[in-house]
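Data from upload.txt: compact mmCIF, C-alpha atoms
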```
# COMPACT_ATOMS: atom_id res chain seq x y z
CA MET Z 1 74.82 35.95 89.11
CA SER Z 2 71.81 33.89 88.07
CA PRO Z 3 68.88 35.71 86.42
CA SER Z 4 65.64 36.21 88.32
CA LEU Z 5 62.93 33.83 87.14
CA LEU Z 6 60.08 36.32 87.51
CA ASP Z 7 61.80 39.25 85.79
CA THR Z 8 63.61 37.46 82.95
CA PRO Z 9 62.33 36.29 79.54
CA LEU Z 10 62.21 32.52 79.31
CA SER Z 11 64.60 32.53 76.36
CA GLU Z 12 67.27 34.05 78.63
CA ILE Z 13 66.50 31.44 81.29
CA ARG Z 14 67.05 28.74 78.67
CA HIS Z 15 70.29 30.31 77.52
CA ALA Z 16 71.57 30.32 81.11
CA LEU Z 17 70.70 26.62 81.45
CA HIS Z 18 72.15 25.80 78.03
CA ALA Z 19 75.48 27.42 78.81
CA ARG Z 20 76.14 25.22 81.83
CA PRO Z 21 74.97 21.68 80.99
CA GLU Z 22 75.60 18.71 83.26
CA LEU Z 23 75.68 15.01 82.46
CA SER Z 24 73.30 12.37 83.81
CA GLY Z 25 73.85 11.81 87.52
CA ASP Z 26 75.87 15.01 87.89
CA GLU Z 27 73.12 17.64 87.63
CA ARG Z 28 73.90 19.27 90.99
CA ARG Z 29 74.23 22.88 89.90
CA THR Z 30 71.30 22.72 87.48
CA ALA Z 31 69.07 21.15 90.12
CA GLU Z 32 69.93 23.73 92.77
CA GLN Z 33 69.35 26.60 90.35
CA VAL Z 34 65.94 25.18 89.41
CA ALA Z 35 65.08 24.75 93.10
CA LEU Z 36 65.96 28.39 93.81
CA TRP Z 37 63.80 29.54 90.88
CA LEU Z 38 60.86 27.46 92.16
CA GLU Z 39 61.25 29.03 95.59
CA GLU Z 40 61.32 32.48 93.97
CA ALA Z 41 58.05 31.60 92.21
CA GLY Z 42 56.47 30.93 95.59
CA ALA Z 43 56.13 27.15 95.45
CA ASP Z 44 54.43 25.90 98.61
CA SER Z 45 57.16 23.29 98.94
CA VAL Z 46 60.31 22.41 97.01
CA LEU Z 47 61.64 18.86 97.25
CA ARG Z 48 65.31 18.28 96.52
CA HIS Z 49 67.43 15.14 95.97
CA LEU Z 50 64.62 13.06 94.46
CA GLY Z 51 66.19 9.93 93.00
CA GLY Z 52 69.54 11.70 92.97
CA HIS Z 53 69.38 15.35 91.93
CA GLY Z 54 65.66 15.50 91.14
CA VAL Z 55 63.68 18.59 92.15
CA ALA Z 56 59.92 19.08 92.50
CA GLY Z 57 58.01 22.29 93.13
CA VAL Z 58 54.50 21.91 94.55
CA PHE Z 59 51.87 24.65 93.96
CA ARG Z 60 48.60 24.15 95.87
CA GLY Z 61 45.15 25.40 94.98
CA ALA Z 62 42.63 26.79 97.45
CA ALA Z 63 40.40 23.71 97.46
CA PRO Z 64 41.11 19.96 97.53
CA GLY Z 65 41.45 18.27 94.19
CA PRO Z 66 43.60 16.00 92.03
CA ARG Z 67 47.36 16.29 91.69
CA VAL Z 68 48.73 17.09 88.22
CA MET Z 69 52.44 16.49 87.56
CA LEU Z 70 54.39 18.03 84.69
CA ARG Z 71 57.86 16.65 84.04
CA ALA Z 72 61.06 17.98 82.46
CA GLU Z 73 64.60 16.61 82.36
CA LEU Z 74 67.76 18.06 83.94
CA ASP Z 75 70.55 16.23 82.13
CA ALA Z 76 72.64 16.96 79.04
CA LEU Z 77 74.70 14.76 76.71
CA PRO Z 78 78.42 14.02 76.22
CA ILE Z 79 78.51 15.89 72.89
CA ARG Z 80 80.88 18.60 71.68
CA GLU Z 81 78.60 21.46 70.64
CA GLN Z 82 78.94 23.18 67.26
CA GLY Z 83 77.91 26.76 66.54
CA GLU Z 84 78.91 30.27 67.59
CA ARG Z 85 75.85 31.30 69.60
CA SER Z 86 76.58 33.43 72.66
CA TRP Z 87 74.98 30.89 75.00
CA ARG Z 88 77.11 28.01 73.74
CA SER Z 89 78.08 25.39 76.34
CA CYS Z 90 80.86 26.47 78.70
CA HIS Z 91 81.66 22.83 79.46
CA GLU Z 92 83.90 20.95 77.08
CA ALA Z 93 82.16 18.04 75.31
CA VAL Z 94 78.89 18.47 77.25
CA ALA Z 95 75.82 19.98 75.59
CA HIS Z 96 72.04 20.22 75.80
CA SER Z 97 71.74 18.57 72.40
CA CYS Z 98 68.37 16.97 73.19
CA GLY Z 99 66.53 20.13 74.23
CA HIS Z 100 66.21 19.48 77.94
CA ASP Z 101 67.12 23.12 78.53
CA GLY Z 102 64.00 24.06 76.57
CA HIS Z 103 61.86 21.52 78.41
CA MET Z 104 63.01 22.91 81.76
CA SER Z 105 62.36 26.48 80.61
CA ALA Z 106 58.79 25.56 79.64
CA LEU Z 107 58.08 24.21 83.13
CA LEU Z 108 59.69 27.28 84.67
CA GLY Z 109 57.31 29.29 82.49
CA VAL Z 110 54.45 27.38 84.09
CA ALA Z 111 55.97 28.31 87.47
CA GLN Z 112 55.84 31.97 86.40
CA GLN Z 113 52.14 31.56 85.67
CA LEU Z 114 51.48 29.79 88.97
CA ALA Z 115 53.31 32.56 90.83
CA ARG Z 116 50.63 34.95 89.54
CA ARG Z 117 47.64 32.63 89.81
CA ARG Z 118 47.27 29.37 91.67
CA PRO Z 119 44.87 26.68 90.38
CA ALA Z 120 41.37 26.74 91.83
CA ARG Z 121 41.87 23.35 93.44
CA GLY Z 122 44.26 20.44 93.77
CA GLU Z 123 48.03 20.60 93.28
CA VAL Z 124 50.47 21.17 90.45
CA VAL Z 125 53.81 19.38 90.77
CA LEU Z 126 56.62 20.58 88.50
CA LEU Z 127 59.10 17.71 88.42
CA PHE Z 128 62.65 18.18 87.12
CA GLN Z 129 64.08 14.70 86.66
CA PRO Z 130 67.73 13.63 86.55
CA SER Z 131 69.32 10.93 84.41
CA GLU Z 132 66.76 10.62 81.65
CA GLU Z 133 69.43 9.95 79.04
CA THR Z 134 70.60 6.84 80.89
CA GLY Z 135 67.07 5.58 81.52
CA ASP Z 136 67.19 5.26 85.31
CA GLY Z 137 66.23 8.69 86.64
CA ALA Z 138 62.44 8.26 86.60
CA GLY Z 139 62.69 4.83 88.22
CA ARG Z 140 64.83 6.16 91.04
CA ILE Z 141 62.34 8.96 91.68
CA VAL Z 142 59.36 6.61 91.76
CA ASP Z 143 61.25 4.29 94.13
CA SER Z 144 62.13 7.12 96.54
CA ALA Z 145 60.16 7.49 99.77
CA ALA Z 146 59.42 11.14 99.02
CA PHE Z 147 57.59 10.24 95.81
CA GLU Z 148 54.53 9.18 97.79
CA THR Z 149 54.02 12.81 98.82
CA ILE Z 150 53.80 13.88 95.16
CA ARG Z 151 52.40 10.76 93.45
CA PRO Z 152 50.21 12.17 90.67
CA ASN Z 153 46.67 11.49 89.59
CA HIS Z 154 47.61 12.86 86.17
CA VAL Z 155 51.10 13.24 84.68
CA TYR Z 156 52.27 14.82 81.42
CA ALA Z 157 55.52 15.49 79.57
CA MET Z 158 56.60 17.07 76.30
CA HIS Z 159 59.53 16.43 74.00
CA ASN Z 160 60.53 18.62 71.08
CA LEU Z 161 60.68 16.92 67.68
CA PRO Z 162 62.96 18.20 64.90
CA GLY Z 163 61.82 17.51 61.35
CA ARG Z 164 58.17 18.33 62.04
CA PRO Z 165 56.44 21.71 61.49
CA LEU Z 166 57.16 24.25 64.20
CA GLY Z 167 54.61 23.94 67.00
CA GLU Z 168 52.87 20.85 65.62
CA VAL Z 169 51.58 18.67 68.46
CA SER Z 170 51.84 14.93 67.85
CA VAL Z 171 50.45 12.34 70.19
CA ARG Z 172 49.23 8.78 70.25
CA PRO Z 173 47.13 6.67 72.64
CA GLY Z 174 48.85 3.46 73.72
CA ALA Z 175 52.50 2.89 72.82
CA PHE Z 176 54.14 6.29 72.26
CA SER Z 177 57.87 5.53 72.46
CA CYS Z 178 59.67 2.22 72.41
CA ALA Z 179 61.20 0.11 75.12
CA SER Z 180 64.94 -0.33 74.65
CA ARG Z 181 67.95 -1.75 76.43
CA GLY Z 182 71.64 -2.23 75.81
CA LEU Z 183 73.00 -5.79 75.69
CA VAL Z 184 76.65 -6.43 76.60
CA VAL Z 185 78.09 -9.91 75.92
CA ARG Z 186 81.59 -10.94 77.00
CA LEU Z 187 82.98 -14.24 75.74
CA ASN Z 188 85.87 -15.78 77.66
CA GLY Z 189 88.01 -18.46 76.04
CA LEU Z 190 91.75 -19.12 76.20
CA CYS Z 191 94.38 -17.29 74.19
CA SER Z 192 97.29 -19.13 72.59
CA HIS Z 193 100.14 -18.60 70.15
CA ALA Z 194 98.91 -17.67 66.69
CA ALA Z 195 101.02 -20.54 65.32
CA HIS Z 196 99.08 -23.01 67.49
CA PRO Z 197 95.47 -21.77 67.78
CA GLU Z 198 94.33 -25.34 68.48
CA LEU Z 199 95.92 -25.07 71.93
CA GLY Z 200 93.52 -22.29 72.93
CA ARG Z 201 89.79 -21.61 72.74
CA SER Z 202 89.14 -18.70 70.40
CA PRO Z 203 85.77 -16.93 70.65
CA ALA Z 204 86.03 -15.69 67.04
CA MET Z 205 83.48 -18.02 65.44
CA ALA Z 206 81.03 -17.79 68.33
CA MET Z 207 81.25 -14.01 68.15
CA CYS Z 208 80.41 -14.10 64.45
CA ARG Z 209 77.48 -16.47 64.99
CA ILE Z 210 76.15 -14.26 67.79
CA LEU Z 211 76.34 -11.16 65.60
CA GLN Z 212 74.47 -12.93 62.82
CA GLY Z 213 71.97 -14.50 65.19
CA LEU Z 214 71.14 -11.25 66.98
CA LYS Z 215 70.47 -9.53 63.67
CA ARG Z 216 68.06 -12.32 62.68
CA LEU Z 217 66.17 -12.45 65.99
CA PRO Z 218 63.41 -9.97 65.04
CA LEU Z 219 62.48 -12.19 62.08
CA GLN Z 220 61.99 -15.15 64.42
CA LEU Z 221 59.54 -13.41 66.77
CA PRO Z 222 55.83 -12.64 66.21
CA ASP Z 223 55.31 -9.46 64.20
CA ASP Z 224 51.88 -8.54 65.60
CA HIS Z 225 53.23 -6.41 68.47
CA GLY Z 226 54.72 -3.55 66.50
CA LEU Z 227 58.36 -2.71 66.08
CA VAL Z 228 61.07 -5.26 67.02
CA MET Z 229 64.68 -4.24 66.34
CA VAL Z 230 68.23 -5.30 67.16
CA THR Z 231 70.96 -2.79 66.32
CA LEU Z 232 74.54 -4.06 66.50
CA ILE Z 233 76.65 -1.25 67.94
CA HIS Z 234 80.05 -2.72 68.88
CA ALA Z 235 82.22 -5.82 68.57
CA ARG Z 236 85.78 -6.48 69.69
CA LEU Z 237 87.91 -9.62 69.31
CA GLY Z 238 91.20 -10.18 71.13
CA GLU Z 239 94.06 -7.69 70.98
CA VAL Z 240 96.16 -6.23 68.19
CA ALA Z 241 98.93 -8.83 68.41
CA PHE Z 242 99.70 -10.91 65.32
CA GLY Z 243 101.42 -13.57 67.40
CA THR Z 244 98.35 -14.30 69.50
CA SER Z 245 95.14 -16.24 68.94
CA PRO Z 246 92.36 -14.38 70.84
CA GLY Z 247 90.90 -15.49 74.14
CA GLN Z 248 88.25 -12.83 74.72
CA ALA Z 249 85.55 -11.10 72.68
CA GLU Z 250 82.83 -8.55 73.32
CA VAL Z 251 79.57 -7.83 71.52
CA MET Z 252 77.14 -4.99 72.19
CA ALA Z 253 73.68 -4.42 70.74
CA THR Z 254 70.61 -2.28 71.36
CA LEU Z 255 67.28 -4.08 71.59
CA ARG Z 256 64.16 -2.06 70.79
CA THR Z 257 60.45 -2.99 70.84
CA ALA Z 258 57.09 -1.23 70.90
CA SER Z 259 55.98 -2.97 74.11
CA ASP Z 260 57.48 -4.17 77.38
CA ASP Z 261 56.06 -7.68 76.85
CA MET Z 262 57.80 -7.96 73.49
CA MET Z 263 61.02 -6.64 75.05
CA ARG Z 264 60.95 -9.45 77.60
CA ALA Z 265 60.53 -12.00 74.80
CA LEU Z 266 63.32 -10.45 72.72
CA ALA Z 267 65.70 -10.25 75.69
CA GLU Z 268 65.06 -13.89 76.62
CA ALA Z 269 65.67 -14.97 73.02
CA ALA Z 270 68.92 -12.99 72.92
CA VAL Z 271 70.19 -14.58 76.14
CA SER Z 272 69.31 -18.08 74.90
CA LEU Z 273 71.13 -17.45 71.62
CA VAL Z 274 74.28 -16.16 73.33
CA GLN Z 275 74.42 -18.99 75.84
CA ALA Z 276 73.95 -21.66 73.17
CA GLU Z 277 76.67 -20.26 70.92
CA ALA Z 278 79.11 -19.88 73.83
CA GLU Z 279 78.45 -23.42 75.01
CA GLU Z 280 79.07 -24.82 71.54
CA ASP Z 281 82.66 -23.52 71.63
CA GLN Z 282 83.19 -24.19 75.36
CA LEU Z 283 83.41 -20.52 76.22
CA GLY Z 284 82.56 -18.72 79.41
CA VAL Z 285 80.00 -15.95 78.96
CA GLU Z 286 78.97 -12.84 80.88
CA ILE Z 287 75.79 -10.95 79.97
CA ASP Z 288 74.94 -7.46 81.24
CA TRP Z 289 72.17 -4.98 80.53
CA CYS Z 290 72.46 -1.19 80.55
CA ASP Z 291 70.38 1.88 79.62
CA VAL Z 292 67.11 0.01 80.24
CA PHE Z 293 64.02 2.00 79.15
CA ALA Z 294 60.44 0.87 79.53
CA ALA Z 295 57.98 1.69 76.77
CA THR Z 296 56.00 4.90 77.24
CA VAL Z 297 52.30 4.03 77.09
CA ASN Z 298 49.85 6.93 76.85
CA ALA Z 299 46.46 6.77 78.55
CA PRO Z 300 43.71 7.55 75.98
CA SER Z 301 42.01 9.98 78.37
CA ALA Z 302 45.27 11.92 78.84
CA VAL Z 303 45.77 12.03 75.07
CA SER Z 304 42.31 13.61 74.73
CA VAL Z 305 43.28 16.32 77.23
CA ILE Z 306 46.45 17.12 75.28
CA GLU Z 307 44.49 17.34 72.02
CA MET Z 308 41.95 19.63 73.65
CA ALA Z 309 44.68 21.94 75.01
CA ALA Z 310 46.41 22.02 71.62
CA ARG Z 311 43.21 22.98 69.80
CA GLN Z 312 42.53 25.73 72.33
CA ALA Z 313 46.07 27.04 71.76
CA GLY Z 314 45.56 27.04 67.99
CA GLU Z 315 48.24 24.40 67.37
CA SER Z 316 47.87 21.71 64.73
CA VAL Z 317 47.46 18.19 66.13
CA VAL Z 318 48.59 14.92 64.55
CA ARG Z 319 47.89 11.39 65.80
CA LEU Z 320 50.89 9.16 65.13
CA GLU Z 321 50.27 5.84 63.39
CA THR Z 322 53.18 4.09 65.12
CA ALA Z 323 55.26 4.61 68.24
CA HIS Z 324 58.47 6.64 68.11
CA ARG Z 325 61.53 4.42 67.80
CA TRP Z 326 63.46 6.39 70.42
CA SER Z 327 63.05 5.65 74.11
CA GLU Z 328 62.10 7.76 77.11
CA ASP Z 329 61.94 6.81 80.77
CA PHE Z 330 58.78 8.90 81.20
CA GLY Z 331 56.96 5.58 80.83
CA VAL Z 332 57.82 4.80 84.46
CA LEU Z 333 56.13 8.02 85.60
CA ALA Z 334 53.18 7.52 83.25
CA ALA Z 335 52.53 4.19 84.94
CA SER Z 336 52.23 5.98 88.32
CA GLY Z 337 49.18 7.97 87.25
CA GLU Z 338 46.98 8.63 84.25
CA GLY Z 339 49.57 10.09 81.93
CA ALA Z 340 50.74 10.88 78.44
CA MET Z 341 53.65 12.39 76.55
CA PHE Z 342 53.37 14.52 73.43
CA THR Z 343 55.88 15.93 70.97
CA LEU Z 344 56.12 19.51 69.80
CA GLY Z 345 57.54 20.13 66.34
CA SER Z 346 60.87 22.01 66.27
CA GLY Z 347 60.75 22.82 62.56
CA GLU Z 348 61.62 20.93 59.39
CA GLN Z 349 65.07 22.54 59.15
CA CYS Z 350 66.02 22.02 62.80
CA PRO Z 351 69.05 19.72 63.21
CA PRO Z 352 68.09 16.32 64.65
CA LEU Z 353 68.21 15.46 68.33
CA HIS Z 354 71.70 14.61 69.63
CA HIS Z 355 73.31 16.47 66.71
CA PRO Z 356 76.24 18.75 67.66
CA ALA Z 357 74.55 21.74 65.95
CA TYR Z 358 71.13 21.22 67.58
CA ASP Z 359 69.71 24.09 69.67
CA PHE Z 360 66.20 24.20 71.13
CA PRO Z 361 64.09 26.85 69.29
CA ASP Z 362 63.31 29.68 71.73
CA VAL Z 363 60.01 30.36 70.00
CA LEU Z 364 58.71 26.99 71.24
CA ILE Z 365 59.02 27.82 74.94
CA GLU Z 366 55.92 30.01 75.28
CA ARG Z 367 53.93 27.65 73.07
CA ALA Z 368 54.82 24.76 75.39
CA VAL Z 369 53.87 26.89 78.42
CA THR Z 370 50.47 27.57 76.85
CA LEU Z 371 49.90 23.86 76.24
CA PHE Z 372 50.90 22.89 79.77
CA THR Z 373 48.78 25.60 81.41
CA GLY Z 374 45.82 24.49 79.31
CA ILE Z 375 46.30 20.91 80.51
CA VAL Z 376 46.50 22.06 84.15
CA ALA Z 377 43.41 24.25 83.77
CA HIS Z 378 41.41 21.32 82.40
CA HIS Z 379 42.05 19.30 85.55
CA LEU Z 380 42.15 21.97 88.26
CA ASP Z 381 40.06 24.99 87.24
```

I'd like the structure from this file rewritten - as structure tokens, please.
Amino acid sequence: MSPSLLDTPLSEIRHALHARPELSGDERRTAEQVALWLEEAGADSVLRHLGGHGVAGVFRGAAPGPRVMLRAELDALPIREQGERSWRSCHEAVAHSCGHDGHMSALLGVAQQLARRRPARGEVVLLFQPSEETGDGAGRIVDSAAFETIRPNHVYAMHNLPGRPLGEVSVRPGAFSCASRGLVVRLNGLCSHAAHPELGRSPAMAMCRILQGLKRLPLQLPDDHGLVMVTLIHARLGEVAFGTSPGQAEVMATLRTASDDMMRALAEAAVSLVQAEAEEDQLGVEIDWCDVFAATVNAPSAVSVIEMAARQAGESVVRLETAHRWSEDFGVLAASGEGAMFTLGSGEQCPPLHHPAYDFPDVLIERAVTLFTGIVAHHLD
């Protein structure tokens, strides 16, 4: 039996979510449980199936006013959890190793507050988004017809950040987290007998040139737009058969930049490189993209609101000098209204995100609730 939202400490709510994680695109049970909790909190309306399994709870004030959206993520990761905690994942090789269980619990804490006291005006939308880890959940929500009924004037999100002091708020106007995308290259030649490689078309040398060329690409692009990275993640040539000269090869890389404009330039340069090297060796080529994330760009006015709420809550505030290297599809939502994301320190000794031993610190939940309620109060009270 699921715990009651209104009568249960938020740490127990998180433990219940943590114990039953679901992967991107398969968040059915999590989404329905969140929807039931929002209904228990007295949301004026609860929208289901947004962009897949997305859920939104709408809480209306007494008077007209702006709409403030707070966003959390529903999905977990394909990671085998380590640790003996009692709320350990019940699902083999699936775990909330990014802290989305904690992010959801914080928004449910805001729902607890709204159940007791509505804002003076406007609307609060608590959005629980699917498929953040694959980079397409926010886009699907924004593209859905129902999104127009909850399109925000202001939108905020939080992500916990291991390695930083517990409760430290970090934020940055402009680029906050990088754009990234996965590049998949398939080279198609012609296999032959290993004794007569000249009778085939091996992609071996083209594959090597592509690997070298991709690694050099950031050095060939302007460096006045912040971070530009190419990380080689996979390469495969032919099959394990000593009597065969290979006919196929595959290369994968992650492209990462501080801006969407620079990502477009880097992606175009990567495609040109691959096509030129394949043509030189008379190879067919297929190019695919996956896990495409836009950069998250924070509105300066929204950053100021976050800093104000953090100071009121007694939390230390740090302005980042550069954007985070990791990616977040919150950027799609931030572009729909005046928005910003901030990070909340999880402690210097906390295992890093996506580590098998990672577990969201329970002590952060109430601190995140306080920050979010302060942000809402600024706009609606």

I'd like a table as a Markdown table: residues in range 158-262 of chain Z with an atom no more than 12 Å from range 114-136 of chain Z, each row giving the shortest atom pair and its distance in Å to one decimal, all atoms listed in the file counted, sorted by chain and rising residue number.
```
| residue | atom | partner | partner_atom | distance |
| --- | --- | --- | --- | --- |
| Z:Ala179 | CA | Z:Gly135 | CA | 10.3 |
| Z:Ser180 | CA | Z:Gly135 | CA | 9.3 |
| Z:Arg181 | CA | Z:Gly135 | CA | 9.0 |
| Z:Gly182 | CA | Z:Thr134 | CA | 10.4 |
```

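With distances restricted to only C-alpha atoms, Z:Ala357 is the closest residue to Glu81 in chain Z from Z:Cys178, Z:Ala235, Z:Val363, Z:Ala357.
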
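Among the candidates Z:Ser11, Z:Thr370, Z:Gln275, Z:Ser177, the residue lying nearest to Trp326 in chain Z is Z:Ser177 (atoms considered: only C-alpha atoms).
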
Legend entry - Shell around His15 in chain Z at 12 Å using only C-alpha atoms, local window under 6 positions removed, as a list in words: Ser2, Pro3, Thr8, Pro9, Pro21, Arg85, Ser86, Trp87, Arg88, Ser89, Cys90, Ala95, His96, Gly99, His100, Asp101, Gly102, Met104, Ser105, Asp359, Phe360, Pro361, Asp362 and Ile365 of chain Z

Inset, instruction - One decimal, Å: what's the distance from CA of His196 in chain Z over to CA of Leu273 in chain Z, could you say? - result: 28.8 Å

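Relative to CA of Ala204 in chain Z, CA of Ala276 in chain Z is found at 14.8 Å.
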
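When the distance limit is 10 Å and all atoms listed in the file are what count, the residues near Met262 in chain Z, minus those fewer than 3 positions from it on the same chain, are Ala179, Leu221, Pro222, Asp223, Asp224, His225, Gly226, Leu227, Val228, Arg256, Thr257, Ala258, Ser259, Ala265, Leu266, Ala267 and Glu268 of chain Z.
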
Inset, instruction - Using only C-alpha atoms, pick whichever of Z:Leu23, Z:Leu199, Z:Val110, Z:Val55 has the shortest atom-to-atom distance to Val94 in chain Z. - result: Z:Leu23

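Distance check against Phe293 in chain Z using all atoms listed in the file: of Z:Gly347, Z:Thr244, Z:Ala368, Z:Gly139, the minimum falls on Z:Gly139.
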